[in-house]
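**Q** Coordinates in target.cif, mmCIF, C-alpha atoms, are listed below.
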```cif
data_upload
loop_
_atom_site.label_atom_id
_atom_site.label_comp_id
_atom_site.auth_asym_id
_atom_site.auth_seq_id
_atom_site.Cartn_x
_atom_site.Cartn_y
_atom_site.Cartn_z
CA MET A 1 7.32 2.13 4.03
CA ASP A 2 5.57 1.07 7.21
CA THR A 3 5.96 3.28 10.19
CA ASP A 4 5.78 0.48 12.69
CA GLY A 5 9.04 -0.76 11.39
CA ARG A 6 8.36 -3.68 9.02
CA ALA A 7 9.89 -3.49 5.59
CA ASP A 8 11.64 -5.93 3.35
CA ARG A 9 14.12 -7.57 5.66
CA ARG A 10 15.02 -4.18 5.74
CA GLY A 11 11.62 -5.44 5.18
CA TRP A 12 9.34 -6.30 8.03
CA SER A 13 11.81 -5.30 10.76
CA ARG A 14 11.44 -1.62 9.82
CA ARG A 15 7.96 -1.78 11.36
CA ARG A 16 9.53 -1.95 14.81
CA PHE A 17 12.43 0.44 14.13
CA VAL A 18 10.30 3.47 13.28
CA ALA A 19 7.88 2.76 16.11
CA ALA A 20 10.78 2.82 18.54
CA ALA A 21 11.91 6.24 17.20
CA ALA A 22 10.35 8.70 18.63
CA GLY A 23 -12.54 20.88 14.13
CA THR A 24 -14.53 20.11 11.07
CA ALA A 25 -13.00 19.21 7.75
CA ALA A 26 -14.31 18.69 4.26
CA VAL A 27 -17.00 16.06 3.98
CA VAL A 28 -16.64 13.62 1.10
CA ALA A 29 -19.18 11.03 0.01
CA VAL A 30 -18.72 8.09 -2.32
CA PRO A 31 -21.58 6.35 -4.12
CA ALA A 32 -22.04 2.70 -3.26
CA PRO A 33 -23.14 0.12 -5.79
CA ALA A 34 -26.72 -0.94 -5.23
CA ALA A 35 -27.09 -3.85 -2.82
CA PRO A 36 -30.44 -5.56 -2.29
CA PRO A 37 -31.43 -4.92 1.34
CA GLY A 38 -32.54 -8.48 1.81
CA LYS A 39 -29.51 -10.15 0.27
CA PRO A 40 -28.59 -13.31 2.21
CA GLY A 41 -25.46 -12.90 4.26
CA ALA A 42 -25.54 -9.10 4.19
CA PRO A 43 -26.26 -7.77 7.67
CA ALA A 44 -28.79 -5.06 8.31
CA ALA A 45 -27.56 -2.00 10.17
CA ARG A 46 -27.25 -2.95 13.82
CA LYS A 47 -28.63 -0.85 16.61
CA ARG A 48 -26.65 0.24 19.62
CA PRO A 49 -27.45 -2.07 22.54
CA ASP A 50 -30.19 -0.59 24.70
CA HIS A 51 -29.58 -2.66 27.83
CA GLN A 52 -28.28 -1.11 31.02
CA PRO A 53 -24.51 -0.72 31.47
CA PRO A 54 -22.85 -3.93 32.70
CA SER A 55 -22.31 -4.19 36.42
CA ALA A 56 -19.00 -2.78 37.61
CA GLY A 57 -18.67 -5.91 39.76
CA ARG A 58 -18.40 -8.29 36.80
CA PRO A 59 -15.01 -7.86 35.11
CA ARG A 60 -14.51 -9.04 31.56
CA PRO A 61 -11.38 -10.64 30.01
CA LEU A 62 -8.89 -8.50 28.11
CA TYR A 63 -6.02 -9.90 26.04
CA LEU A 64 -2.95 -7.85 25.14
CA GLY A 65 -0.59 -8.25 22.19
CA THR A 66 3.09 -7.29 22.26
CA TYR A 67 6.49 -8.01 20.75
CA THR A 68 8.62 -10.49 22.66
CA SER A 69 11.81 -9.98 20.64
CA VAL A 70 12.33 -6.23 21.20
CA GLU A 71 13.92 -4.42 24.11
CA GLY A 72 11.29 -3.69 26.74
CA GLY A 73 8.79 -6.01 25.11
CA GLY A 74 6.55 -8.55 26.77
CA THR A 75 7.02 -12.27 27.34
CA GLY A 76 3.82 -13.43 25.67
CA ILE A 77 0.12 -12.60 25.47
CA GLY A 78 -0.84 -10.29 28.32
CA LEU A 79 -3.76 -11.45 30.46
CA ALA A 80 -5.99 -8.86 32.12
CA SER A 81 -9.59 -7.95 32.89
CA TYR A 82 -11.54 -4.72 32.69
CA ASP A 83 -14.50 -3.33 34.56
CA PRO A 84 -17.25 -2.64 31.97
CA GLY A 85 -18.63 0.17 34.10
CA THR A 86 -15.50 2.09 35.03
CA GLY A 87 -13.07 0.90 32.34
CA ARG A 88 -10.42 0.07 34.93
CA ILE A 89 -7.95 -2.62 33.80
CA THR A 90 -6.41 -5.18 36.16
CA GLY A 91 -3.50 -7.35 35.04
CA SER A 92 -3.47 -11.08 35.79
CA GLY A 93 -0.27 -12.42 34.22
CA THR A 94 1.06 -13.57 30.88
CA LEU A 95 0.47 -16.52 28.60
CA THR A 96 3.97 -17.49 27.47
CA GLY A 97 4.93 -19.70 24.56
CA VAL A 98 3.75 -17.43 21.74
CA ALA A 99 6.47 -15.46 19.94
CA ASP A 100 5.76 -11.83 18.99
CA PRO A 101 1.95 -12.02 19.32
CA SER A 102 1.40 -8.55 17.84
CA TYR A 103 -2.21 -9.08 16.73
CA LEU A 104 -5.02 -11.11 18.28
CA ALA A 105 -8.46 -12.31 17.24
CA LEU A 106 -11.23 -14.28 18.93
CA HIS A 107 -13.24 -17.15 17.48
CA PRO A 108 -16.95 -16.27 17.13
CA ASP A 109 -17.84 -18.83 19.82
CA GLY A 110 -15.46 -17.10 22.26
CA ARG A 111 -13.58 -20.28 23.14
CA THR A 112 -10.35 -19.85 21.18
CA LEU A 113 -7.88 -17.00 20.85
CA TYR A 114 -5.65 -16.66 17.77
CA ALA A 115 -2.35 -14.77 17.55
CA VAL A 116 0.11 -13.96 14.81
CA ASP A 117 3.75 -14.86 15.41
CA GLU A 118 5.23 -11.80 13.70
CA ARG A 119 8.60 -13.22 12.76
CA GLN A 120 10.55 -13.85 9.57
CA ASP A 121 9.23 -17.42 9.65
CA GLY A 122 5.62 -16.38 10.06
CA ALA A 123 3.07 -18.47 11.95
CA VAL A 124 -0.35 -18.28 13.56
CA THR A 125 -1.16 -19.84 16.94
CA ALA A 126 -4.39 -21.04 18.56
CA VAL A 127 -5.00 -20.87 22.33
CA ARG A 128 -7.91 -22.59 24.10
CA LEU A 129 -9.16 -20.06 26.63
CA ALA A 130 -10.85 -22.46 29.06
CA ASP A 131 -7.49 -23.72 30.31
CA ARG A 132 -5.17 -21.35 28.39
CA ARG A 133 -3.65 -24.27 26.55
CA ILE A 134 -1.76 -23.60 23.32
CA LEU A 135 -3.34 -25.83 20.67
CA GLY A 136 -0.45 -25.45 18.26
CA SER A 137 0.96 -23.17 15.57
CA ARG A 138 0.88 -23.32 11.79
CA SER A 139 3.15 -21.66 9.27
CA THR A 140 1.60 -18.88 7.21
CA GLY A 141 4.08 -19.56 4.42
CA GLY A 142 5.18 -15.92 4.53
CA ALA A 143 7.17 -13.42 6.57
CA GLY A 144 6.09 -11.06 9.33
CA PRO A 145 2.35 -11.79 9.73
CA CYS A 146 0.78 -8.65 11.21
CA HIS A 147 -3.00 -9.26 11.07
CA LEU A 148 -5.46 -12.12 11.32
CA SER A 149 -9.21 -12.52 11.48
CA VAL A 150 -11.70 -15.36 11.77
CA HIS A 151 -14.33 -15.85 9.07
CA PRO A 152 -17.78 -15.31 10.66
CA GLY A 153 -18.66 -18.95 10.02
CA GLY A 154 -15.84 -19.95 12.38
CA ARG A 155 -14.21 -22.46 10.02
CA TRP A 156 -11.40 -20.40 8.48
CA LEU A 157 -8.58 -18.22 9.79
CA LEU A 158 -7.33 -15.44 7.50
CA SER A 159 -3.86 -13.92 7.96
CA ALA A 160 -1.78 -11.21 6.27
CA ASP A 161 2.02 -11.38 5.96
CA TYR A 162 3.52 -7.89 5.84
CA GLY A 163 7.08 -8.92 5.00
CA SER A 164 6.24 -11.14 2.03
CA GLY A 165 3.08 -9.38 0.87
CA SER A 166 1.03 -12.56 1.08
CA VAL A 167 -2.25 -13.76 2.56
CA ALA A 168 -3.08 -17.23 3.86
CA VAL A 169 -6.08 -19.33 4.84
CA HIS A 170 -6.06 -22.01 7.57
CA PRO A 171 -8.91 -24.36 8.50
CA ILE A 172 -10.24 -24.34 12.06
CA ASP A 173 -11.48 -27.65 13.46
CA ALA A 174 -14.23 -28.24 16.02
CA SER A 175 -11.78 -27.86 18.91
CA GLY A 176 -10.58 -24.48 17.64
CA ALA A 177 -7.20 -25.84 16.55
CA LEU A 178 -5.69 -24.92 13.19
CA GLY A 179 -5.00 -27.26 10.29
CA GLU A 180 -2.42 -26.89 7.54
CA ARG A 181 -3.10 -23.88 5.35
CA THR A 182 -5.37 -24.40 2.39
CA ASP A 183 -4.18 -21.44 0.33
CA LEU A 184 -1.42 -18.85 0.08
CA VAL A 185 -1.45 -15.91 -2.35
CA THR A 186 1.45 -13.49 -2.78
CA HIS A 187 0.73 -10.08 -4.28
CA THR A 188 3.02 -9.68 -7.31
CA THR A 189 1.11 -6.99 -9.22
CA PRO A 190 0.67 -4.08 -9.46
CA PRO A 191 4.25 -2.90 -8.86
CA PRO A 192 5.11 -1.33 -5.50
CA GLY A 193 4.00 2.23 -4.83
CA PRO A 194 6.35 5.20 -4.29
CA GLY A 195 8.92 4.51 -1.60
CA GLN A 196 8.04 0.81 -1.37
CA GLN A 197 10.31 -2.11 -2.26
CA GLY A 198 7.58 -4.73 -2.51
CA PRO A 199 4.08 -5.75 -1.48
CA HIS A 200 3.13 -5.44 2.19
CA ALA A 201 -0.17 -7.14 3.05
CA HIS A 202 -1.44 -5.40 6.17
CA GLN A 203 -4.94 -6.77 6.76
CA PHE A 204 -7.13 -9.68 5.66
CA LEU A 205 -10.82 -9.57 6.55
CA THR A 206 -14.24 -10.87 5.48
CA GLY A 207 -16.68 -8.66 3.64
CA PRO A 208 -20.21 -8.13 4.99
CA ASP A 209 -21.64 -10.64 2.49
CA GLY A 210 -19.54 -13.45 4.00
CA THR A 211 -18.49 -14.72 0.56
CA HIS A 212 -15.70 -12.32 -0.25
CA VAL A 213 -12.50 -11.60 1.69
CA LEU A 214 -10.44 -8.45 1.23
CA ALA A 215 -6.67 -7.97 1.56
CA VAL A 216 -5.32 -4.46 2.17
CA ASP A 217 -1.78 -4.09 0.80
CA LEU A 218 0.22 -1.01 1.83
CA GLY A 219 3.09 -1.76 -0.56
CA THR A 220 1.05 -1.94 -3.77
CA ASP A 221 -1.55 0.73 -2.83
CA THR A 222 -4.23 -1.87 -3.53
CA VAL A 223 -7.15 -3.62 -1.85
CA TYR A 224 -7.62 -7.09 -3.35
CA THR A 225 -10.95 -8.90 -3.21
CA TYR A 226 -11.05 -12.70 -3.28
CA ARG A 227 -13.90 -15.16 -3.31
CA LEU A 228 -13.40 -17.66 -0.49
CA ASP A 229 -14.45 -21.22 -1.25
CA GLN A 230 -15.95 -22.12 2.10
CA HIS A 231 -15.68 -25.83 1.41
CA ASP A 232 -12.02 -26.01 0.34
CA GLY A 233 -10.64 -22.81 1.84
CA THR A 234 -9.20 -21.58 -1.47
CA LEU A 235 -9.06 -18.04 -2.85
CA THR A 236 -10.04 -16.71 -6.27
CA GLU A 237 -9.27 -13.07 -7.03
CA VAL A 238 -12.32 -11.18 -8.33
CA SER A 239 -11.35 -7.49 -8.24
CA ARG A 240 -8.80 -4.86 -7.21
CA ALA A 241 -9.25 -1.32 -5.94
CA ARG A 242 -6.29 1.07 -6.11
CA THR A 243 -5.69 4.11 -3.95
CA ARG A 244 -3.80 7.09 -5.30
CA PRO A 245 -0.04 6.35 -5.57
CA GLY A 246 1.75 6.53 -2.24
CA ALA A 247 -1.36 6.43 -0.04
CA GLY A 248 -0.20 3.28 1.73
CA PRO A 249 -3.57 1.71 2.69
CA ARG A 250 -3.37 -0.06 6.03
CA HIS A 251 -6.75 -0.87 7.52
CA LEU A 252 -10.36 -1.20 6.28
CA THR A 253 -13.49 -1.24 8.45
CA PHE A 254 -17.04 -1.81 7.21
CA HIS A 255 -20.14 0.13 8.13
CA PRO A 256 -22.75 -2.23 9.65
CA GLY A 257 -25.10 -1.54 6.72
CA GLY A 258 -22.66 -3.41 4.48
CA ARG A 259 -22.54 -0.94 1.57
CA TYR A 260 -19.70 1.30 2.73
CA ALA A 261 -16.28 0.95 4.35
CA TYR A 262 -13.63 3.31 5.71
CA LEU A 263 -9.97 3.05 4.74
CA ALA A 264 -7.02 4.34 6.79
CA ASN A 265 -4.06 5.34 4.57
CA GLU A 266 -0.90 5.16 6.64
CA VAL A 267 1.69 6.73 4.35
CA ASP A 268 -0.08 9.89 3.11
CA ASP A 269 -1.99 10.52 6.37
CA THR A 270 -5.50 10.37 4.89
CA VAL A 271 -8.70 8.36 5.10
CA ALA A 272 -11.27 7.47 2.45
CA VAL A 273 -14.90 6.39 2.25
CA CYS A 274 -15.35 3.30 0.05
CA GLY A 275 -18.40 1.89 -1.64
CA TYR A 276 -18.85 -1.88 -1.54
CA ASP A 277 -20.94 -4.22 -3.72
CA GLY A 278 -21.50 -7.47 -1.84
CA THR A 279 -22.70 -9.25 -4.98
CA THR A 280 -19.45 -8.80 -6.88
CA GLY A 281 -17.05 -7.99 -4.03
CA ARG A 282 -16.06 -4.81 -5.81
CA LEU A 283 -14.69 -1.98 -3.63
CA THR A 284 -14.74 1.63 -4.89
CA ILE A 285 -12.31 3.92 -3.08
CA GLY A 286 -13.40 7.55 -2.68
CA GLU A 287 -11.40 10.76 -2.46
CA PRO A 288 -8.86 11.25 0.36
CA GLN A 289 -10.01 13.09 3.47
CA PRO A 290 -8.15 14.50 6.49
CA SER A 291 -7.17 12.23 9.37
CA GLY A 292 -7.60 15.06 11.84
CA SER A 293 -3.88 15.24 12.59
CA SER A 294 -2.39 18.62 13.43
CA GLY A 295 0.12 18.67 10.59
CA GLY A 296 3.21 16.91 11.95
CA SER A 297 4.31 13.36 11.11
CA ASN A 298 1.27 11.14 11.52
CA TYR A 299 0.39 7.62 10.45
CA PRO A 300 -3.28 6.58 10.66
CA ALA A 301 -3.52 3.06 12.02
CA GLN A 302 -7.03 1.69 12.45
CA PHE A 303 -10.71 2.56 12.18
CA VAL A 304 -13.51 1.22 14.36
CA VAL A 305 -17.22 1.91 13.84
CA THR A 306 -19.94 1.93 16.49
CA ALA A 307 -22.51 -0.85 16.21
CA ASP A 308 -25.28 1.59 15.31
CA GLY A 309 -23.21 2.92 12.41
CA ALA A 310 -23.36 6.49 13.71
CA TYR A 311 -19.70 7.18 14.55
CA ALA A 312 -16.21 6.12 13.52
CA PHE A 313 -12.97 6.45 15.47
CA LEU A 314 -9.46 6.52 13.98
CA ALA A 315 -6.13 5.92 15.74
CA ASN A 316 -3.56 8.57 14.79
CA ARG A 317 0.03 7.54 15.52
CA GLY A 318 2.34 10.53 15.81
CA ASP A 319 -0.47 12.98 16.48
CA ASN A 320 -1.31 10.65 19.40
CA THR A 321 -5.01 11.22 19.14
CA VAL A 322 -8.24 9.46 18.30
CA ALA A 323 -10.11 11.23 15.51
CA ARG A 324 -13.91 11.28 15.89
CA TYR A 325 -16.14 11.15 12.83
CA ALA A 326 -19.90 11.38 12.43
CA ILE A 327 -21.15 8.91 9.83
CA GLU A 328 -23.84 10.41 7.62
CA ALA A 329 -25.98 9.55 4.59
CA ASP A 330 -26.43 5.93 5.68
CA GLY A 331 -22.68 5.40 5.69
CA ALA A 332 -21.69 7.33 2.56
CA ARG A 333 -20.13 10.30 4.38
CA LEU A 334 -17.58 10.87 7.11
CA ARG A 335 -17.63 14.23 8.89
CA LEU A 336 -14.64 14.98 11.09
CA LEU A 337 -15.76 16.13 14.53
CA GLY A 338 -12.33 16.61 16.11
CA THR A 339 -9.66 14.68 17.96
CA VAL A 340 -9.08 13.48 21.52
CA PRO A 341 -5.58 13.00 23.04
CA ILE A 342 -4.89 9.39 24.03
CA ALA A 343 -2.70 10.14 27.08
CA GLY A 344 -0.07 7.86 25.53
CA ASP A 345 2.30 7.53 22.60
CA PHE A 346 1.72 5.89 19.19
CA PRO A 347 -1.80 4.33 19.32
CA ARG A 348 -1.24 1.27 17.16
CA GLN A 349 -4.69 -0.32 17.49
CA LEU A 350 -8.25 0.45 18.60
CA ALA A 351 -11.02 -1.81 19.89
CA LEU A 352 -14.54 -1.26 21.17
CA SER A 353 -15.89 -3.35 24.03
CA PRO A 354 -18.69 -5.72 22.97
CA ASP A 355 -21.34 -3.39 24.43
CA GLY A 356 -19.79 -0.42 22.63
CA ARG A 357 -19.45 1.69 25.75
CA LEU A 358 -15.65 1.58 26.04
CA LEU A 359 -12.90 2.27 23.51
CA PHE A 360 -9.40 0.83 24.05
CA THR A 361 -6.19 2.18 22.47
CA ALA A 362 -2.99 0.12 22.50
CA ASN A 363 -0.14 2.65 22.68
CA GLN A 364 3.05 1.07 21.38
CA ARG A 365 5.77 3.54 22.33
CA SER A 366 4.45 4.41 25.80
CA GLY A 367 3.66 0.78 26.61
CA THR A 368 0.16 1.62 27.80
CA VAL A 369 -3.49 0.91 27.11
CA SER A 370 -5.87 3.85 27.38
CA VAL A 371 -9.60 3.36 27.93
CA PHE A 372 -12.32 5.85 27.01
CA HIS A 373 -16.01 6.01 27.81
CA VAL A 374 -17.99 6.36 24.58
CA GLY A 375 -20.86 8.83 24.84
CA VAL A 376 -24.11 7.20 23.71
CA GLY A 377 -25.79 9.29 21.03
CA ALA A 378 -22.93 11.77 20.67
CA GLY A 379 -19.79 9.72 20.05
CA ARG A 380 -17.86 11.73 22.63
CA LEU A 381 -14.81 10.16 24.29
CA ARG A 382 -13.87 10.61 27.94
CA LEU A 383 -10.67 9.14 29.37
CA ALA A 384 -11.40 6.49 32.02
CA GLY A 385 -8.61 7.11 34.50
CA THR A 386 -4.88 6.47 34.23
CA PRO A 387 -3.76 4.32 31.27
CA PHE A 388 -2.75 0.73 32.10
CA SER A 389 0.93 -0.19 31.74
CA SER A 390 1.62 -3.08 29.33
CA PRO A 391 5.00 -3.74 27.65
CA VAL A 392 5.07 -2.53 24.02
CA ALA A 393 1.29 -2.58 23.82
CA VAL A 394 0.34 -3.14 20.18
CA CYS A 395 -3.05 -4.85 20.51
CA ALA A 396 -5.86 -4.80 23.07
CA LEU A 397 -8.71 -7.28 22.64
CA PRO A 398 -11.66 -6.82 25.04
CA THR A 399 -14.22 -9.62 25.20
#
```
Could you render the structure as structure tokens?
**A**
Amino acid sequence: MDTDGRADRRGWSRRRFVAAAAGTAAVVAVPAPAAPPGKPGAPAARKRPDHQPPSAGRPRPLYLGTYTSVEGGGTGIGLASYDPGTGRITGSGTLTGVADPSYLALHPDGRTLYAVDERQDGAVTAVRLADRRILGSRSTGGAGPCHLSVHPGGRWLLSADYGSGSVAVHPIDASGALGERTDLVTHTTPPPGPGQQGPHAHQFLTGPDGTHVLAVDLGTDTVYTYRLDQHDGTLTEVSRARTRPGAGPRHLTFHPGGRYAYLANEVDDTVAVCGYDGTTGRLTIGEPQPSGSSGGSNYPAQFVVTADGAYAFLANRGDNTVARYAIEADGARLRLLGTVPIAGDFPRQLALSPDGRLLFTANQRSGTVSVFHVGVGAGRLRLAGTPFSSPVAVCALPT
């Protein structure tokens, strides 16, 4: 069951159907496996930038994901800019030619944008930003791709197919264009969780060590860890971490220290702190914690963590809030601080601006993007004016 409306072919289309329908809590810690602080490839905890706020006169690019095949949807990737000082968004058109670009990611060098084509015949597309030229699309080999990310080395694109429960790897050449996929893995075990008809890969990301990649599967209640061969682009499974039955894990975000991560469970409306061992790639999922929702139907969507590792924010669809957490014990604990209304409906995705001073929420049902000022040192959120209108806004990518 995915509340955005993807399911089997009852599948991945259910993702859109349901989306179209209309304090302090217990603190739980999880022990992390020991990780040598100087291990190559494992980042040290980053500090919040200490430079002055960017000038309000220098807008930054913002890219917006949507569905092109639904009523009221967009016609491609939305093009906009935002003022880093005020948070005000200004639209500048649409990049057409990409079908159902529901999730976006940027190459580490900032020159190429990647989008999923969330359709039954799944694909991923590369766009050169200098002239907004589409560099081509490649099949993922699966159905309904809903997430993609670029390996930090910039040579591999990772994508997750919700409809088929599969993950794929594509090479990225020097121009940013994609080559034919080098691997495709479909999750066949364990069996689907309660209420699920099959696997539903929802996210595919790189671990802090850079060697392992992790696939979050809502349908099997499992996070799979693979070793990525960075020469051949092939995957070797090394471990699995299972949530409690029916949790429906959707999205994982790492603490900058590299030893902990935070998991949003969509189906049972909980979150969990996870320990992570970068040497083995093993993830250990802790006990469920509250999402901060007020008790009605709610589906946690995505975590983001501030660069200094002090706060985490969670998008709550249904409750229509962002939950604020203080991160304690070097990443091992989440303490719920409260929630902030998003001034929109169904916040599908969150993103922090590169300087960490703004938080963006893409609100699917209201077709808006809300922007919040992030309080330095307190993690408070303050709405930055009227939300920006964007058709079926399901992804906002500030650069």
**Q** Can you tell me how far CA of Thr236 in chain A sits from CA of Thr182 in chain A, in Å to one decimal?
**A**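 Spanning CA of Thr236 in chain A to CA of Thr182 in chain A is a straight-line distance of 12.5 Å.
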**Q** Counting only C-alpha atoms, what is within 9 Å of Arg382 in chain A, bar same-chain residues fewer than 3 positions away, as a VMD selection string?
**A** chain A and resid 340 371 to 375
**Q** Using C-alpha atoms, can you write the selected residues to a file as a PDB file, keeping the file's coordinate frame?
**A**
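Writing the result to selection-v1.pdb gives the following:
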```pdb
ATOM      1  CA  VAL A 340      -9.080  13.480  21.520  1.00  0.00           C
ATOM      2  CA  VAL A 371      -9.600   3.360  27.930  1.00  0.00           C
ATOM      3  CA  PHE A 372     -12.320   5.850  27.010  1.00  0.00           C
ATOM      4  CA  HIS A 373     -16.010   6.010  27.810  1.00  0.00           C
ATOM      5  CA  VAL A 374     -17.990   6.360  24.580  1.00  0.00           C
ATOM      6  CA  GLY A 375     -20.860   8.830  24.840  1.00  0.00           C
TER       7      GLY A 375
END
```
**Q** For a test of reading the model, state the distance in Å between CA of Gly385 in chain A and CA of Arg88 in chain A, rounded to one decimal.
**A**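 Separation between CA of Gly385 in chain A and CA of Arg88 in chain A: 7.3 Å.
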**Q** One number please: CA of Gly379 in chain A to CA of Asn320 in chain A, in Å, one decimal.
**A**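 Going from CA of Gly379 in chain A over to CA of Asn320 in chain A, I get 18.5 Å.
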**Q** Which residues match the PyMOL selection byres ((chain A and resi 309) around 7) in the file above, as a list in words?
**A**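 That selection, the PyMOL selection byres ((chain A and resi 309) around 7), comes back as Ala45, His255, Pro256, Val305, Thr306, Ala307, Asp308, Ala310, Tyr311 and Ile327 of chain A.
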**Q** Suppose a student applies the PyMOL selection byres ((chain A and resi 148) around 6) to this structure; what residues should they get, written as a PyMOL selection string?
**A** chain A and resi 147+149+158-159
**Q** Which residues, written as a PyMOL selection string, have at least one atom at most 7 Å from Gly246 in chain A, with all atoms listed in the file counted and residues fewer than 2 positions away on the same chain left out?
**A** chain A and resi 193-194+221+244+248+267-268
**Q** Report the residues retrieved by the PyMOL selection byres ((chain A and resi 75) around 9) from the displayed file, expressed as a ChimeraX atom specification.
**A** /A:66-69,73-74,76-78,94-100,391
**Q** Would you write out those residues with C-alpha atoms, as an mmCIF file, in the frame of the given file?
**A**
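What ended up in again18.cif:
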```
data_model
loop_
_atom_site.group_PDB
_atom_site.id
_atom_site.type_symbol
_atom_site.label_atom_id
_atom_site.label_comp_id
_atom_site.auth_asym_id
_atom_site.auth_seq_id
_atom_site.Cartn_x
_atom_site.Cartn_y
_atom_site.Cartn_z
ATOM 1 C CA THR A 66 3.090 -7.290 22.260
ATOM 2 C CA TYR A 67 6.490 -8.010 20.750
ATOM 3 C CA THR A 68 8.620 -10.490 22.660
ATOM 4 C CA SER A 69 11.810 -9.980 20.640
ATOM 5 C CA GLY A 73 8.790 -6.010 25.110
ATOM 6 C CA GLY A 74 6.550 -8.550 26.770
ATOM 7 C CA GLY A 76 3.820 -13.430 25.670
ATOM 8 C CA ILE A 77 0.120 -12.600 25.470
ATOM 9 C CA GLY A 78 -0.840 -10.290 28.320
ATOM 10 C CA THR A 94 1.060 -13.570 30.880
ATOM 11 C CA LEU A 95 0.470 -16.520 28.600
ATOM 12 C CA THR A 96 3.970 -17.490 27.470
ATOM 13 C CA GLY A 97 4.930 -19.700 24.560
ATOM 14 C CA VAL A 98 3.750 -17.430 21.740
ATOM 15 C CA ALA A 99 6.470 -15.460 19.940
ATOM 16 C CA ASP A 100 5.760 -11.830 18.990
ATOM 17 C CA PRO A 391 5.000 -3.740 27.650
#
```
